[in-house]
Amino acid sequence: MANLRLLVKRRKAIRNIRKITKTMELIATARFKKALDRAMEADAYTRKIAELAADLTQSAGEVSHPLLQLRPQVKKTLVLVLTANRGLCGGYNGGVLRAAMGRIRELNAANSPFDLEVSGKRGGQFFKFQKIPIAAAYTTFEDKPQFDEVDTLAQKFIDLYTSGQVDQVIVVYQKFYGIAKQSPVVETLLPLSSVAVETTSKKVTAEAAPAGPKVNYEFFPDAAGILGELVPVAFKVRLFKCFLDAAVGEQIARRVAMKAATENAGDLIKEVSRLYNRTRQANITKEISELIAGSEALK
C-alpha cells in the first residue's frame, strides 16, 4: 500500500516542475518569435546580396575574387559547429553533433587535416568528451546573435582562406526551412560556390520566363574594387544567417520539448492523484471495517 504522505509530496514536486517547464515554454515561445522575425528579415537580404554578387561576377568578365576561386586540392578544412549553450531543447544539439561527427569521420577517413571550432557550451563539452581537439570555442552567441560579433568571426575566416591557411570552410548547424521543418545541415561557405548554384538556377528561371531586357552593369571605379567590397559582405551575411537559423531552431526545439514536458507532468499528476485517491479510499474502508469488527466483538 502506497504511503499517502509520500504521494502528496510527490504530487507537489511534480506540480512545481510543471510550473517551471510551463514558464520555460512561454519564454521559449517569446524568444522564438523574436528570433524568427530576425531570421526572416535577414533571409531576404541574404538572398538579394547573393543574387547581386552572382550578377556582378558574371558581368565582371575575367575579374574574379579569391573567395570565389575553387582550390584544386583541399589541404586543410575549417569546420565550425553551431550548438546551444544550454540543454533542455530536445534533440537539437544531438542532431547537429551527429551531422558534425559524420563529416569529421569523412575527413579522418580521407586523411584530410582540419581545424574544429565550436560555438556553444554543449558542443564544446561533447567534443571534449570525444577527445577531439578544438581550435577555438565561442560561448557568447545566445538567442540574439549580433552582426558585429559574427563579422569579427567571418573576417577571421576570410583572412585564413585568402592567406591559404585553410582551403575550405564548413559550417554545421540546424537550417531553418519553416516552422514545421528544421534539419541539421553541413554547408560549405568558402569558397562561395553557392553563388554559382544560384546563378544556374536563375538562368533556368530566366529561360523559362518571357525574355526581358538584359541588365548591363557599369563598374566604377573598377570591377575588382566593387567585387572586393561586395563578396566579403556576401560571405559575412551568409554566416550571420547561419547563426540566426541556429537560434530559431534552438528556440523551436526548446518550446516543443518544454511543451511535451508540461503535458507529461500533467498526466503524471493525474496518475499520482488517482493513486492517492485509491489509497485514501482503501485506508478509509479498512478503518471502517476495523470499527465494525470492533463493535461486533463488544456485543
# chains A, B, ... in the order shown; residues from 1 in each chain; ligands from 1
$ select_by_dssp --residues "segment 15-113 of chain A" --states "helix (DSSP H, G or I)" --output "tab-separated table (two decimals) with N, CA and C atoms, in the first residue's frame"
chain	number	residue	atom	x	y	z
A	15	ARG	N	4.03	19.15	-9.53
A	15	ARG	CA	3.37	20.42	-9.84
A	15	ARG	C	4.38	21.56	-9.93
A	16	ASN	N	5.36	21.55	-9.05
A	16	ASN	CA	6.40	22.59	-9.11
A	16	ASN	C	7.22	22.47	-10.40
A	17	ILE	N	7.52	21.23	-10.79
A	17	ILE	CA	8.25	21.03	-12.05
A	17	ILE	C	7.42	21.49	-13.23
A	18	ARG	N	6.12	21.22	-13.19
A	18	ARG	CA	5.25	21.65	-14.29
A	18	ARG	C	5.21	23.17	-14.41
A	19	LYS	N	5.22	23.86	-13.28
A	19	LYS	CA	5.26	25.32	-13.33
A	19	LYS	C	6.54	25.80	-14.01
A	20	ILE	N	7.67	25.14	-13.71
A	20	ILE	CA	8.94	25.55	-14.31
A	20	ILE	C	8.94	25.29	-15.81
A	21	THR	N	8.50	24.09	-16.21
A	21	THR	CA	8.50	23.77	-17.65
A	21	THR	C	7.52	24.65	-18.41
A	22	LYS	N	6.39	24.98	-17.80
A	22	LYS	CA	5.43	25.86	-18.46
A	22	LYS	C	6.02	27.25	-18.64
A	23	THR	N	6.72	27.74	-17.63
A	23	THR	CA	7.36	29.06	-17.73
A	23	THR	C	8.44	29.04	-18.81
A	24	MET	N	9.23	27.97	-18.86
A	24	MET	CA	10.27	27.87	-19.89
A	24	MET	C	9.66	27.78	-21.28
A	25	GLU	N	8.50	27.12	-21.39
A	25	GLU	CA	7.82	27.06	-22.68
A	25	GLU	C	7.39	28.45	-23.14
A	26	LEU	N	6.84	29.24	-22.22
A	26	LEU	CA	6.40	30.60	-22.56
A	26	LEU	C	7.59	31.48	-22.94
A	27	ILE	N	8.70	31.33	-22.21
A	27	ILE	CA	9.89	32.12	-22.53
A	27	ILE	C	10.44	31.73	-23.90
A	28	ALA	N	10.49	30.43	-24.18
A	28	ALA	CA	10.98	29.96	-25.47
A	28	ALA	C	10.08	30.44	-26.60
A	29	THR	N	8.77	30.50	-26.36
A	29	THR	CA	7.84	30.99	-27.39
A	29	THR	C	8.11	32.45	-27.71
A	30	ALA	N	8.32	33.27	-26.66
A	30	ALA	CA	8.60	34.68	-26.88
A	30	ALA	C	9.93	34.88	-27.60
A	31	ARG	N	10.94	34.14	-27.19
A	31	ARG	CA	12.25	34.26	-27.84
A	31	ARG	C	12.21	33.74	-29.28
A	32	PHE	N	11.42	32.70	-29.50
A	32	PHE	CA	11.29	32.16	-30.85
A	32	PHE	C	10.69	33.19	-31.80
A	33	LYS	N	9.68	33.92	-31.34
A	33	LYS	CA	9.05	34.92	-32.20
A	33	LYS	C	10.04	36.00	-32.60
A	34	LYS	N	10.85	36.46	-31.65
A	34	LYS	CA	11.84	37.48	-31.97
A	34	LYS	C	12.92	36.94	-32.89
A	35	ALA	N	13.40	35.72	-32.61
A	35	ALA	CA	14.43	35.13	-33.46
A	35	ALA	C	13.91	34.86	-34.86
A	36	LEU	N	12.63	34.46	-34.97
A	36	LEU	CA	12.04	34.21	-36.28
A	36	LEU	C	11.95	35.49	-37.10
A	37	ASP	N	11.56	36.58	-36.46
A	37	ASP	CA	11.47	37.87	-37.17
A	37	ASP	C	12.84	38.29	-37.70
A	38	ARG	N	13.88	38.11	-36.89
A	38	ARG	CA	15.22	38.49	-37.33
A	38	ARG	C	15.69	37.61	-38.48
A	39	ALA	N	15.39	36.31	-38.39
A	39	ALA	CA	15.81	35.39	-39.45
A	39	ALA	C	15.09	35.67	-40.76
A	40	MET	N	13.80	35.98	-40.69
A	40	MET	CA	13.04	36.25	-41.90
A	40	MET	C	13.49	37.56	-42.55
A	41	GLU	N	13.81	38.54	-41.72
A	41	GLU	CA	14.31	39.81	-42.27
A	41	GLU	C	15.67	39.62	-42.94
A	42	ALA	N	16.53	38.83	-42.31
A	42	ALA	CA	17.86	38.61	-42.88
A	42	ALA	C	17.81	37.71	-44.11
A	43	ASP	N	16.78	36.86	-44.23
A	43	ASP	CA	16.71	35.93	-45.35
A	43	ASP	C	16.60	36.67	-46.68
A	44	ALA	N	15.72	37.68	-46.74
A	44	ALA	CA	15.56	38.43	-47.98
A	44	ALA	C	16.84	39.18	-48.34
A	45	TYR	N	17.50	39.75	-47.34
A	45	TYR	CA	18.74	40.49	-47.61
A	45	TYR	C	19.84	39.54	-48.08
A	46	THR	N	19.93	38.38	-47.43
A	46	THR	CA	20.96	37.40	-47.82
A	46	THR	C	20.75	36.93	-49.25
A	47	ARG	N	19.51	36.63	-49.60
A	47	ARG	CA	19.22	36.15	-50.96
A	47	ARG	C	19.52	37.23	-51.99
A	48	LYS	N	19.16	38.47	-51.69
A	48	LYS	CA	19.35	39.55	-52.65
A	48	LYS	C	20.82	39.87	-52.86
A	49	ILE	N	21.59	39.89	-51.79
A	49	ILE	CA	23.00	40.22	-51.95
A	49	ILE	C	23.74	39.08	-52.65
A	50	ALA	N	23.26	37.82	-52.47
A	50	ALA	CA	23.86	36.70	-53.20
A	50	ALA	C	23.55	36.81	-54.69
A	51	GLU	N	22.32	37.19	-55.02
A	51	GLU	CA	21.96	37.38	-56.43
A	51	GLU	C	22.79	38.51	-57.06
A	52	LEU	N	22.96	39.59	-56.31
A	52	LEU	CA	23.73	40.72	-56.82
A	52	LEU	C	25.19	40.32	-57.04
A	53	ALA	N	25.75	39.57	-56.09
A	53	ALA	CA	27.14	39.12	-56.24
A	53	ALA	C	27.28	38.20	-57.45
A	54	ALA	N	26.28	37.35	-57.68
A	54	ALA	CA	26.33	36.44	-58.83
A	54	ALA	C	26.25	37.23	-60.14
A	55	ASP	N	25.35	38.21	-60.20
A	55	ASP	CA	25.22	39.01	-61.42
A	55	ASP	C	26.49	39.78	-61.72
A	56	LEU	N	27.05	40.40	-60.70
A	56	LEU	CA	28.26	41.19	-60.90
A	56	LEU	C	29.44	40.31	-61.28
A	57	THR	N	29.49	39.09	-60.71
A	57	THR	CA	30.57	38.17	-61.06
A	57	THR	C	30.50	37.78	-62.53
A	58	GLN	N	29.30	37.57	-63.03
A	58	GLN	CA	29.13	37.25	-64.45
A	58	GLN	C	29.49	38.42	-65.34
A	59	SER	N	29.11	39.63	-64.91
A	59	SER	CA	29.33	40.81	-65.74
A	59	SER	C	30.76	41.32	-65.67
A	66	PRO	N	39.21	36.20	-54.70
A	66	PRO	CA	39.79	35.00	-54.07
A	66	PRO	C	38.77	34.11	-53.37
A	67	LEU	N	37.72	34.71	-52.80
A	67	LEU	CA	36.72	33.91	-52.09
A	67	LEU	C	35.86	33.09	-53.03
A	68	LEU	N	35.88	33.40	-54.32
A	68	LEU	CA	35.09	32.66	-55.30
A	68	LEU	C	35.88	31.55	-55.99
A	92	TYR	N	17.91	18.89	-30.41
A	92	TYR	CA	18.56	19.94	-31.22
A	92	TYR	C	20.08	19.74	-31.25
A	93	ASN	N	20.70	19.72	-30.09
A	93	ASN	CA	22.16	19.57	-30.04
A	93	ASN	C	22.60	18.22	-30.59
A	94	GLY	N	21.85	17.17	-30.26
A	94	GLY	CA	22.23	15.85	-30.72
A	94	GLY	C	22.23	15.73	-32.24
A	95	GLY	N	21.23	16.32	-32.91
A	95	GLY	CA	21.19	16.26	-34.36
A	95	GLY	C	22.35	16.98	-35.01
A	96	VAL	N	22.67	18.16	-34.51
A	96	VAL	CA	23.80	18.92	-35.06
A	96	VAL	C	25.12	18.19	-34.84
A	97	LEU	N	25.29	17.64	-33.65
A	97	LEU	CA	26.55	16.96	-33.33
A	97	LEU	C	26.70	15.67	-34.13
A	98	ARG	N	25.61	14.96	-34.39
A	98	ARG	CA	25.70	13.77	-35.23
A	98	ARG	C	26.13	14.12	-36.65
A	99	ALA	N	25.56	15.22	-37.18
A	99	ALA	CA	25.95	15.66	-38.51
A	99	ALA	C	27.42	16.06	-38.54
A	100	ALA	N	27.87	16.74	-37.48
A	100	ALA	CA	29.28	17.15	-37.41
A	100	ALA	C	30.20	15.94	-37.32
A	101	MET	N	29.82	14.95	-36.52
A	101	MET	CA	30.67	13.76	-36.39
A	101	MET	C	30.73	12.99	-37.70
A	102	GLY	N	29.63	13.00	-38.46
A	102	GLY	CA	29.66	12.35	-39.76
A	102	GLY	C	30.67	12.97	-40.69
A	103	ARG	N	30.72	14.31	-40.74
A	103	ARG	CA	31.70	14.97	-41.59
A	103	ARG	C	33.12	14.78	-41.05
A	104	ILE	N	33.30	14.81	-39.74
A	104	ILE	CA	34.63	14.61	-39.17
A	104	ILE	C	35.15	13.21	-39.49
A	105	ARG	N	34.28	12.21	-39.44
A	105	ARG	CA	34.70	10.85	-39.80
A	105	ARG	C	35.12	10.78	-41.26
A	106	GLU	N	34.40	11.48	-42.13
A	106	GLU	CA	34.77	11.51	-43.54
A	106	GLU	C	36.14	12.14	-43.73
A	107	LEU	N	36.40	13.23	-43.02
A	107	LEU	CA	37.71	13.88	-43.14
A	107	LEU	C	38.83	12.98	-42.60
A	108	ASN	N	38.55	12.30	-41.49
A	108	ASN	CA	39.56	11.39	-40.94
A	108	ASN	C	39.81	10.21	-41.87
A	109	ALA	N	38.73	9.70	-42.50
A	109	ALA	CA	38.89	8.58	-43.42
A	109	ALA	C	39.71	8.97	-44.64
$ closest_atom_pairs --of "segment 70-169 of chain A" --to "segment 256-268 of chain A" --cutoff "8 Å" --atoms "only C-alpha atoms" --output "JSON lines"
{"residue": "A:Leu88", "atom": "CA", "partner": "A:Ala257", "partner_atom": "CA", "distance": 6.9}
{"residue": "A:Cys89", "atom": "CA", "partner": "A:Ala257", "partner_atom": "CA", "distance": 5.7}
{"residue": "A:Gly90", "atom": "CA", "partner": "A:Ala257", "partner_atom": "CA", "distance": 5.3}
$ write_last_selection --atoms "N, CA, C and O atoms" --output "CSV table (one decimal), in the first residue's frame"
chain,number,residue,atom,x,y,z
A,88,LEU,N,18.0,21.1,-22.5
A,88,LEU,CA,16.5,21.2,-22.4
A,88,LEU,C,15.9,21.6,-23.7
A,88,LEU,O,14.9,22.4,-23.7
A,89,CYS,N,16.4,21.2,-24.8
A,89,CYS,CA,15.9,21.6,-26.1
A,89,CYS,C,15.8,20.4,-27.0
A,89,CYS,O,16.0,20.5,-28.2
A,90,GLY,N,15.4,19.3,-26.4
A,90,GLY,CA,15.1,18.1,-27.2
A,90,GLY,C,16.3,17.5,-27.9
A,90,GLY,O,17.4,17.5,-27.4
$ closest_residue --among "A:Arg278, A:Phe243, A:Val166, A:Phe176" --to "Gln73 of chain A" --atoms "only C-alpha atoms"
A:Val166
$ residues_around --residues "segment 187-193 of chain A" --least-positions-apart "6" --cutoff "7 Å" --atoms "only C-alpha atoms" --output "list in words"
Leu67, Leu68, Gln69, Leu70, Gln168, Val169, Ile170, Val171 and Val172 of chain A
$ residues_around --residues "His65 of chain A" --least-positions-apart "4" --cutoff "8 Å" --atoms "only C-alpha atoms" --output "PyMOL selection string"
chain A and resi 69+224+227-228+231
$ select_by_dssp --residues "segment 13-178 of chain A" --states "strand (DSSP E)" --output "ChimeraX atom specification"
/A:77-82,114-119,136-138,168-178
$ atom_distance --atom1 "atom CA of Asp245 of chain A" --atom2 "atom CA of Arg71 of chain A"
28.1 Å
$ closest_residue --among "A:Leu80, A:Lys12, A:Phe127, A:Leu4" --to "Ala282 of chain A" --atoms "only C-alpha atoms"
A:Leu4
$ residues_around --residues "Lys175 of chain A" --least-positions-apart "6" --cutoff "9 Å" --atoms "only C-alpha atoms" --output "ChimeraX atom specification"
/A:181-185,242,245-246,248-249
$ atom_distance --atom1 "atom CA of Asn111 of chain A" --atom2 "atom CA of Lys128 of chain A"
21.0 Å
$ closest_residue --among "A:Ala180, A:Val186, A:Ile134, A:Val233" --to "Gln155 of chain A" --atoms "only C-alpha atoms"
A:Val233
$ residues_around --residues "Lys75 of chain A" --least-positions-apart "3" --cutoff "8 Å" --atoms "only C-alpha atoms" --output "count of residues only"
4
$ closest_residue --among "A:Ala137, A:Ile14, A:Leu160, A:Val118" --to "Lys76 of chain A" --atoms "only C-alpha atoms"
A:Leu160
